[in-house]
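Inspection log for the structure reproduced underneath, given as structure tokens.
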Amino acid sequence: MGRNPFLLAPMAGITDCAFRTVMRELECGPVITELVSAHGIEYASRKTLQLMEFDETQRPVGIQIFGETPEILGNAAKVVQEHGADFVDLNFGCPVPKVVKKGAGSAILRDLKAVEAVFKSVRSAVEIPVTVKIRTGWDHDSRNAAEVAKIAYEEGLAWVAIHGRTRAAGYSGAADWDFIAEVKAASKIPIIGNGDIVTPELAVSRLRETGCDGVMIGRGCLKNPWIFRQAMGLMRSGQVPQVQKDFGRLFERLHQAFGLIAQGDQPERFVMLQIKKFASWYSTGYPGASQFRRTIFQHETLEATLLAVFEYFESIAALVQADTSGEAFLMGGHG
Ligand SMILES: Cc1cc2nc3c(=O)[nH]c(=O)nc-3n(C[C@H](O)[C@H](O)[C@H](O)COP(=O)(O)O)c2cc1C
């Protein structure tokens, strides 16, 4: 994990190669690709290869895979290793019916023998570290994260990341950090806690109070892109550093980074949509955000979009972002 214990959580459709590069510049710790189908890897489609792409600045970078059988996951892990990733991450947390129905994602948590078989197969397939991201359990009565962590330790995995909700809970309720702390206390393997970290203070207090080896931040950095830098500063100096909220520079970087990965016959349209999406998330909690969101999606060119974005964010950069942690925000995902 190095010296930065604040990992960027994998988020499908969001934490692509461009976004991970920009977040690394903003001092996040290790990064992981969104989930990639082990079947897809077998057929090496263009889309799959694109999902697995990363650049050197992102290291340490993991590629996350999901699939049903130990063999398929083992084979996919080999490809991940050949691809040059620093570690391979197993997705045992995805609650989405389409994935779970096939026995992949969080469905594997229901069967500890299957958990063990996957760990064995993947570990013996590669030399790079193997990590896993899980839920606390399938449902409240079968929360078995501690058992999964024990098997992961015995099978030689490098860490277990725990999203503090059950599969049954989806994204409702609060992540159960007391439970994560219990699992950490009972485990010999490094544990990464995850869920609902929305401020640098919370990032550092969760790390310290649970004794976790790292904490993973997902949605929090979509509202506050400086959360990692602030958390690192707070951990080092005891104070949240004053970061310059330079939205202009941030959007220039995003523009550039998305431009580099844009493919297809309408690359500018792709970049425009990305800028609109991130601008609408980053505006959360600032004055005029709902009006801004209503109008930003109406622009039809990248140039007009950027102009509107620069204008709005310049007007709010010196203002305080309201706490919106009580409001529903991206209540669905693959982990
Ligand atoms: C839109 C979205 C997509 C996600 N995709 C993935 C994924 O591909 N793999 C994964 O392990 N978790 C995925 N997750 C789950 C996050 O990694 C994380 O566990 C969850 O959002 C809770 O952390 P947070 O409250 O910091 O966001 C996704 C979450 C969201 C909101």
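Letters A, B, ... go to the chains of the structure tokens in the order shown; residues in each chain start at 1; ligands are counted from 1 in the same order.
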
Kindly assemble as a Markdown table a list of the chain A residues that lie within 6 Å of ligand 1, each paired with its nearest atom pair and their distance in Å to one decimal, using only C-alpha atoms and all ligand atoms, sorted first by chain and then by ascending residue number.
| residue | atom | partner | partner_atom_place_in_ligand_line | distance |
| --- | --- | --- | --- | --- |
| A:Ala9 | CA | ligand 1 | 17 (O) | 4.3 |
| A:Pro10 | CA | ligand 1 | 17 (O) | 4.4 |
| A:Met11 | CA | ligand 1 | 5 (N) | 3.3 |
| A:Ala12 | CA | ligand 1 | 5 (N) | 3.9 |
| A:Glu34 | CA | ligand 1 | 8 (O) | 3.8 |
| A:Leu35 | CA | ligand 1 | 8 (O) | 4.1 |
| A:Asn91 | CA | ligand 1 | 11 (O) | 5.3 |
| A:Gly93 | CA | ligand 1 | 11 (O) | 5.9 |
| A:Lys133 | CA | ligand 1 | 11 (O) | 5.8 |
| A:His163 | CA | ligand 1 | 19 (O) | 4.9 |
| A:Asn194 | CA | ligand 1 | 23 (O) | 5.3 |
| A:Gly195 | CA | ligand 1 | 25 (O) | 3.8 |
| A:Asp196 | CA | ligand 1 | 25 (O) | 3.5 |
| A:Ile197 | CA | ligand 1 | 26 (O) | 5.3 |
| A:Ile217 | CA | ligand 1 | 26 (O) | 4.0 |
| A:Gly218 | CA | ligand 1 | 26 (O) | 3.5 |
| A:Arg219 | CA | ligand 1 | 27 (O) | 3.7 |
| A:Gly220 | CA | ligand 1 | 26 (O) | 5.6 |
| A:Leu330 | CA | ligand 1 | 31 (C) | 5.0 |
| A:Gly332 | CA | ligand 1 | 31 (C) | 5.2 |
| A:Gly333 | CA | ligand 1 | 2 (C) | 3.6 |
| A:His334 | CA | ligand 1 | 6 (C) | 3.8 |
| A:Gly335 | CA | ligand 1 | 12 (N) | 3.2 |

What would the file look like if the residues just selected were written as a tab-separated table (two decimals), in the first residue's frame with C-alpha atoms?
chain	number	residue	atom	x	y	z
A	9	ALA	CA	-12.46	2.72	-4.85
A	10	PRO	CA	-13.22	1.07	-8.18
A	11	MET	CA	-16.36	2.52	-9.79
A	12	ALA	CA	-17.61	1.16	-13.09
A	34	GLU	CA	-13.54	-1.08	-12.61
A	35	LEU	CA	-14.63	-4.70	-12.71
A	91	ASN	CA	-14.67	-8.66	-7.15
A	93	GLY	CA	-18.86	-7.55	-3.74
A	133	LYS	CA	-13.07	-6.72	-2.40
A	163	HIS	CA	-17.53	-2.41	1.74
A	194	ASN	CA	-14.81	1.16	2.70
A	195	GLY	CA	-18.12	2.98	2.70
A	196	ASP	CA	-19.50	6.50	3.09
A	197	ILE	CA	-16.24	8.38	3.64
A	217	ILE	CA	-12.95	6.25	-0.97
A	218	GLY	CA	-15.40	6.15	-3.86
A	219	ARG	CA	-18.34	8.52	-4.10
A	220	GLY	CA	-16.72	10.99	-1.67
A	330	LEU	CA	-25.24	7.23	-6.71
A	332	GLY	CA	-25.99	1.64	-7.10
A	333	GLY	CA	-22.81	0.10	-8.39
A	334	HIS	CA	-20.81	-3.04	-8.93
A	335	GLY	CA	-19.42	-3.55	-5.43

Exercise: Val183 in chain A partners within 9 Å, only C-alpha atoms, chain neighbours under 2 positions left out, as a PDB file with C-alpha atoms, in the first residue's frame:
ATOM      1  CA  ALA A 145     -16.338 -11.224   6.249  1.00  0.00           C
ATOM      2  CA  ALA A 146     -14.120 -12.494   9.097  1.00  0.00           C
ATOM      3  CA  GLU A 147     -14.265 -16.065   7.740  1.00  0.00           C
ATOM      4  CA  ALA A 149     -10.567 -12.821   5.584  1.00  0.00           C
ATOM      5  CA  ASP A 178     -18.110  -1.181  13.864  1.00  0.00           C
ATOM      6  CA  PHE A 179     -18.384  -4.452  12.010  1.00  0.00           C
ATOM      7  CA  ILE A 180     -15.369  -3.600   9.838  1.00  0.00           C
ATOM      8  CA  ALA A 181     -13.402  -2.829  13.036  1.00  0.00           C
ATOM      9  CA  ALA A 185      -9.377  -6.970  15.076  1.00  0.00           C
ATOM     10  CA  ALA A 186      -9.977 -10.650  14.319  1.00  0.00           C
ATOM     11  CA  SER A 187      -7.857 -10.819  11.167  1.00  0.00           C
ATOM     12  CA  ILE A 191      -7.956  -4.994   5.974  1.00  0.00           C
TER      13      ILE A 191
END

Write out as CSV a residue-level contact list of range 134-207 of chain A versus range 100-114 of chain A with cut-off 10 Å: for each qualifying residue the closest pair of atoms and the distance in Å to one decimal, counting only C-alpha atoms, rows sorted by chain and residue number upward.
residue,atom,partner,partner_atom,distance
A:Ile134,CA,A:Ser106,CA,6.9
A:Arg135,CA,A:Ser106,CA,6.9
A:Thr136,CA,A:Leu109,CA,9.1
A:Gly137,CA,A:Leu109,CA,6.4
A:Trp138,CA,A:Arg110,CA,6.3
A:Asp139,CA,A:Arg110,CA,9.3
A:Ser142,CA,A:Arg110,CA,8.0
A:Arg143,CA,A:Leu109,CA,9.1
A:Asn144,CA,A:Leu109,CA,7.7
A:Ala145,CA,A:Leu109,CA,8.4
A:Glu147,CA,A:Leu112,CA,8.0
A:Val148,CA,A:Leu112,CA,7.0
A:Ile151,CA,A:Leu112,CA,8.3
A:Thr166,CA,A:Ser106,CA,9.0
A:Arg167,CA,A:Ser106,CA,6.6
A:Ala168,CA,A:Ser106,CA,9.9

Set the distance at 9 Å and use only C-alpha atoms: which residues neighbour Ala289 in chain A once local chain neighbours fewer than 6 positions away are removed? I'd like the list as a PyMOL selection string. chain A and resi 280+283+312

Those residues you just picked out, can you put them in a file as a short mmCIF file (atom, residue, chain, number, x, y, z; two decimals), in the first residue's frame with N, CA and C atoms?
data_model
loop_
_atom_site.label_atom_id
_atom_site.label_comp_id
_atom_site.auth_asym_id
_atom_site.auth_seq_id
_atom_site.Cartn_x
_atom_site.Cartn_y
_atom_site.Cartn_z
N SER A 280 -21.37 18.16 -12.83
CA SER A 280 -22.61 18.11 -12.06
C SER A 280 -22.36 17.46 -10.68
N SER A 283 -20.43 20.00 -8.40
CA SER A 283 -21.20 21.19 -7.98
C SER A 283 -22.05 20.92 -6.74
N TYR A 312 -19.18 28.88 -13.95
CA TYR A 312 -19.87 28.51 -12.71
C TYR A 312 -18.85 28.24 -11.59
#

Neighbours of range 53-65 of chain A within 7 Å (only C-alpha atoms; same-chain residues fewer than 2 positions away dropped), as a PDB file with C-alpha atoms, in the first residue's frame?
ATOM      1  CA  CYS A  17      -7.845   5.342 -17.052  1.00  0.00           C
ATOM      2  CA  ARG A  20      -7.409   7.490 -12.227  1.00  0.00           C
ATOM      3  CA  THR A  21      -4.507   9.509 -13.651  1.00  0.00           C
ATOM      4  CA  ARG A  24      -3.344  10.159  -8.678  1.00  0.00           C
ATOM      5  CA  PRO A  30      -3.455   2.729  -4.911  1.00  0.00           C
ATOM      6  CA  VAL A  31      -6.024   2.586  -7.703  1.00  0.00           C
ATOM      7  CA  ILE A  32      -8.059  -0.265  -9.172  1.00  0.00           C
ATOM      8  CA  THR A  33      -9.827  -0.534 -12.518  1.00  0.00           C
ATOM      9  CA  GLU A  34     -13.536  -1.080 -12.611  1.00  0.00           C
ATOM     10  CA  LEU A  35     -14.630  -4.703 -12.708  1.00  0.00           C
ATOM     11  CA  VAL A  36     -13.641  -6.518 -15.892  1.00  0.00           C
ATOM     12  CA  SER A  37     -15.347  -9.718 -16.969  1.00  0.00           C
ATOM     13  CA  ALA A  38     -13.056 -12.753 -16.795  1.00  0.00           C
ATOM     14  CA  LEU A  49      -8.663  -4.235 -23.342  1.00  0.00           C
ATOM     15  CA  GLN A  50      -9.721  -0.617 -22.988  1.00  0.00           C
ATOM     16  CA  LEU A  51     -11.007  -1.267 -19.458  1.00  0.00           C
ATOM     17  CA  GLY A  67     -16.415 -14.311 -12.949  1.00  0.00           C
ATOM     18  CA  VAL A  80      -3.824  -9.327 -15.864  1.00  0.00           C
ATOM     19  CA  ALA A  85      -0.696  -4.678 -13.456  1.00  0.00           C
ATOM     20  CA  ASP A  86       0.812  -4.504  -9.975  1.00  0.00           C
ATOM     21  CA  PHE A  87      -1.913  -6.662  -8.450  1.00  0.00           C
ATOM     22  CA  VAL A  88      -5.084  -8.493  -9.401  1.00  0.00           C
ATOM     23  CA  ASP A  89      -8.230  -7.677  -7.435  1.00  0.00           C
ATOM     24  CA  LEU A  90     -11.167 -10.082  -7.194  1.00  0.00           C
ATOM     25  CA  ASN A  91     -14.670  -8.656  -7.150  1.00  0.00           C
TER      26      ASN A  91
END

Contact residues around Tyr282 in chain A with only C-alpha atoms at 10 Å, ignoring same-chain residues under 6 positions, as a PyMOL selection string: chain A and resi 221-225+247+276+289+313+321

Dump of N, CA and C atoms for the selected residues, as a tab-separated table (two decimals), in the first residue's frame:
chain	number	residue	atom	x	y	z
A	221	CYS	N	-15.05	11.24	-3.43
A	221	CYS	CA	-14.16	12.06	-4.26
A	221	CYS	C	-14.87	12.59	-5.51
A	222	LEU	N	-16.13	12.20	-5.69
A	222	LEU	CA	-16.89	12.77	-6.80
A	222	LEU	C	-17.54	14.09	-6.39
A	223	LYS	N	-17.64	14.30	-5.07
A	223	LYS	CA	-18.14	15.59	-4.59
A	223	LYS	C	-16.98	16.49	-4.21
A	224	ASN	N	-15.94	15.90	-3.67
A	224	ASN	CA	-14.76	16.67	-3.27
A	224	ASN	C	-13.50	16.02	-3.84
A	225	PRO	N	-13.03	16.52	-5.00
A	225	PRO	CA	-11.87	15.89	-5.65
A	225	PRO	C	-10.57	16.05	-4.85
A	247	PHE	N	-10.65	24.72	-9.63
A	247	PHE	CA	-11.51	23.96	-10.53
A	247	PHE	C	-11.09	24.16	-12.00
A	276	LYS	N	-19.56	17.15	-18.41
A	276	LYS	CA	-20.88	17.48	-17.85
A	276	LYS	C	-21.15	16.64	-16.60
A	289	ALA	N	-26.31	25.07	-7.47
A	289	ALA	CA	-25.95	23.79	-8.12
A	289	ALA	C	-27.10	23.21	-8.94
A	313	PHE	N	-17.84	27.44	-11.90
A	313	PHE	CA	-16.92	27.05	-10.82
A	313	PHE	C	-16.05	28.22	-10.35
A	321	GLN	N	-18.72	24.52	0.58
A	321	GLN	CA	-19.57	23.44	0.07
A	321	GLN	C	-20.41	22.91	1.22

Find the residues around range 256-267 of chain A up to 9 Å (only C-alpha atoms counted), leave out those fewer than 2 positions away in its own chain, and share them as a PDB file with C-alpha atoms, in the first residue's frame.
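Output contents, as saved in part_3.pdb:
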ATOM      1  CA  CYS A  17      -7.845   5.342 -17.052  1.00  0.00           C
ATOM      2  CA  ALA A  18      -8.221   9.110 -17.447  1.00  0.00           C
ATOM      3  CA  PHE A  19      -9.912   9.674 -14.097  1.00  0.00           C
ATOM      4  CA  THR A  21      -4.507   9.509 -13.651  1.00  0.00           C
ATOM      5  CA  VAL A  22      -6.076  12.764 -12.531  1.00  0.00           C
ATOM      6  CA  GLN A  50      -9.721  -0.617 -22.988  1.00  0.00           C
ATOM      7  CA  PHE A 251     -11.298  20.687 -15.607  1.00  0.00           C
ATOM      8  CA  GLU A 252      -8.391  21.428 -17.929  1.00  0.00           C
ATOM      9  CA  ARG A 253      -6.725  18.223 -16.744  1.00  0.00           C
ATOM     10  CA  LEU A 254      -9.935  16.207 -17.096  1.00  0.00           C
ATOM     11  CA  ARG A 269     -18.937  14.258 -27.693  1.00  0.00           C
ATOM     12  CA  PHE A 270     -17.472  11.695 -25.280  1.00  0.00           C
ATOM     13  CA  VAL A 271     -15.288  14.347 -23.638  1.00  0.00           C
ATOM     14  CA  MET A 272     -18.243  16.740 -23.423  1.00  0.00           C
ATOM     15  CA  GLN A 274     -17.668  13.326 -19.218  1.00  0.00           C
ATOM     16  CA  ILE A 275     -17.130  17.008 -18.389  1.00  0.00           C
TER      17      ILE A 275
END
